Amino acid sequence: MTPVFRFAPSPNGDLHLGHALSAILNHDMAREKNGRFLLRIEDIDPQRCRPEFEARIFEDLRWLDLSWEEPVRRQSEHVETYRDALDKLRGMGLVYPAFLSRAEVKRRVADLEAQGGDWPRDPDGTPLYPTEERELDPALAATRLKAGDRHLWRLNMDKAISRLGQERLTWLETGDAAPERIQANPALWGDVALWRWDAPSSYHLSVVVDDALQGVTHVVRGRDLYWSTPVHRLLQRLLDLPEPIYLHHRLLLDDNGQKLSKSLQSTGLRALREAGATPSDIRRRITL
Ligand code: GLU
């Protein structure tokens, strides 16, 4: 089987050295293994993504001397495909409309914590969504949906996990060390949102659907997405999608030890280029 790699940036800012590391790793690994290298534009969130950034991504990657297969998949053009996946999960009774606002959840968390209670949090530190609406009366839910109340479609995590029965959910992590099977625990995230009122689909849903549709065999991405992998593996099992091999690479940090961000100009590829850096300087800086 031909190995298929992909670099999947979101056009919500300029690429920085961390993106260069990801893109070059994927590109070079594809070359080494006689595989394919795809570029996917993850522009599912219309609030944050801009076509100007997409054009700048192409420009930066070309400057790095990377080439990829055409046509490039753009997630905003495939919303129906993600909706089909959501419908499939809905048909399995695994998703429900969730109406609590962020402010309401925040208030509840603050109340509980003021009383000395402990609200469970996900690996990013965000409080887990309350589970009471899993049991919302379907007639009431239908009325609220019809009235156009703001909502998100969430995965009933307990029900989703119990569907796997006795099966152990794992992923194969490869990297500098020997490949290792990692135990995946998606329950860490609680009832994840799969479809948002303000943006069609979610990162989790669209990424697993696309990786499968594009035949991606190797997911090579930053450590910041390591803890998303349990959710991706769960969705892959539920939707009957193939399992890729994963490699979560180290993150580049700035001088203060912080993860690089798209707003940090000093490590932006464009800023570095304008300051006279060459593509080999970039490769040196990311020590490939
Ligand atoms: N679009 C995601 C990002 O820019 C990456 C998705 C992935 O590699 O799985 O962070």
# chains A, B, ... in the order shown; residues from 1 in each chain; ligands from 1
$ residues_around --residues "Leu89 (chain A)" --least-positions-apart "2" --cutoff "12 Å" --atoms "only C-alpha atoms" --output "PyMOL selection string"
chain A and resi 82-87+91-96+153-157+159-160+163+194-195+205+234-240
$ closest_atom_pairs --of "chain A" --to "ligand 1" --cutoff "8 Å" --atoms "only C-alpha atoms and all ligand atoms" --output "CSV"
residue,atom,partner,partner_atom_place_in_ligand_line,distance
A:Arg6,CA,ligand 1,8 (O),7.8
A:Phe7,CA,ligand 1,8 (O),6.3
A:Ala8,CA,ligand 1,1 (N),5.0
A:Pro9,CA,ligand 1,4 (O),3.9
A:Ser10,CA,ligand 1,4 (O),4.4
A:Pro11,CA,ligand 1,4 (O),7.8
A:Ile41,CA,ligand 1,1 (N),7.4
A:Glu42,CA,ligand 1,1 (N),5.1
A:Tyr203,CA,ligand 1,1 (N),7.3
A:Val207,CA,ligand 1,9 (O),6.1
A:Val219,CA,ligand 1,8 (O),6.9
A:Val220,CA,ligand 1,8 (O),6.9
A:Arg221,CA,ligand 1,8 (O),5.0
A:Gly222,CA,ligand 1,8 (O),7.4
A:Leu225,CA,ligand 1,9 (O),6.9
$ residues_around --residues "Asp118 (chain A)" --least-positions-apart "6" --cutoff "10 Å" --atoms "only C-alpha atoms" --output "MDAnalysis selection string"
chainID A and resid 109:110 112 127
$ atom_distance --atom1 "CA of Gly125 (chain A)" --atom2 "CA of Thr267 (chain A)"
26.4 Å
$ residues_around --residues "Val72 (chain A)" --least-positions-apart "5" --cutoff "9 Å" --atoms "only C-alpha atoms" --output "list in words"
Leu38, Leu39, Arg40 and Ile41 of chain A
$ write_last_selection --atoms "N, CA, C and O atoms" --output "mmCIF file, in the first residue's frame"
data_model
loop_
_atom_site.group_PDB
_atom_site.id
_atom_site.type_symbol
_atom_site.label_atom_id
_atom_site.label_comp_id
_atom_site.auth_asym_id
_atom_site.auth_seq_id
_atom_site.Cartn_x
_atom_site.Cartn_y
_atom_site.Cartn_z
ATOM 1 N N LEU A 38 -0.071 15.103 0.600
ATOM 2 C CA LEU A 38 -1.259 15.909 0.326
ATOM 3 C C LEU A 38 -1.255 17.152 1.207
ATOM 4 O O LEU A 38 -0.722 17.134 2.317
ATOM 5 N N LEU A 39 -1.880 18.182 0.685
ATOM 6 C CA LEU A 39 -2.088 19.402 1.473
ATOM 7 C C LEU A 39 -3.596 19.552 1.614
ATOM 8 O O LEU A 39 -4.335 19.428 0.636
ATOM 9 N N ARG A 40 -4.043 19.743 2.847
ATOM 10 C CA ARG A 40 -5.486 19.914 3.065
ATOM 11 C C ARG A 40 -5.716 21.214 3.827
ATOM 12 O O ARG A 40 -5.047 21.478 4.816
ATOM 13 N N ILE A 41 -6.637 22.000 3.317
ATOM 14 C CA ILE A 41 -6.933 23.286 3.947
ATOM 15 C C ILE A 41 -8.120 23.104 4.893
ATOM 16 O O ILE A 41 -9.236 22.829 4.461
#
$ closest_residue --among "A:Lys259, A:Val105, A:Ala187, A:Ala98" --to "Arg144 (chain A)" --atoms "only C-alpha atoms"
A:Ala98
$ closest_residue --among "A:Leu269, A:Ser67, A:Arg74, A:Ala142" --to "Asp281 (chain A)" --atoms "only C-alpha atoms"
A:Leu269
$ closest_residue --among "A:Leu172, A:Asp158, A:Asn12, A:Arg134" --to "Glu52 (chain A)" --atoms "only C-alpha atoms"
A:Asn12
$ closest_residue --among "A:Phe99, A:Leu260, A:Arg284, A:Asp14" --to "Glu59 (chain A)" --atoms "only C-alpha atoms"
A:Asp14
$ closest_residue --among "A:Ala23, A:Leu15, A:Met1, A:Leu247" --to "Arg56 (chain A)" --atoms "only C-alpha atoms"
A:Leu15
$ select_by_dssp --residues "region 114-153 of chain A" --states "alpha helix (DSSP H)" --output "list in words"
Ala114, Pro138, Ala139, Leu140, Ala141, Ala142, Thr143, Arg144, Leu145 and Lys146 of chain A
$ write_last_selection --atoms "C-alpha atoms" --output "PDB file, in the first residue's frame"
ATOM      1  CA  ALA A 114     -17.072  28.326  45.196  1.00  0.00           C
ATOM      2  CA  PRO A 138     -37.051  14.337  22.451  1.00  0.00           C
ATOM      3  CA  ALA A 139     -40.271  16.330  21.905  1.00  0.00           C
ATOM      4  CA  LEU A 140     -38.831  19.250  23.860  1.00  0.00           C
ATOM      5  CA  ALA A 141     -35.540  19.021  21.986  1.00  0.00           C
ATOM      6  CA  ALA A 142     -37.435  19.020  18.660  1.00  0.00           C
ATOM      7  CA  THR A 143     -39.407  22.119  19.680  1.00  0.00           C
ATOM      8  CA  ARG A 144     -36.261  23.968  20.666  1.00  0.00           C
ATOM      9  CA  LEU A 145     -34.520  22.984  17.420  1.00  0.00           C
ATOM     10  CA  LYS A 146     -37.524  24.161  15.421  1.00  0.00           C
TER      11      LYS A 146
END
$ atom_distance --atom1 "CA of Val208 (chain A)" --atom2 "CA of Leu25 (chain A)"
20.4 Å
$ atom_distance --atom1 "CA of Gly175 (chain A)" --atom2 "CA of Leu251 (chain A)"
13.4 Å
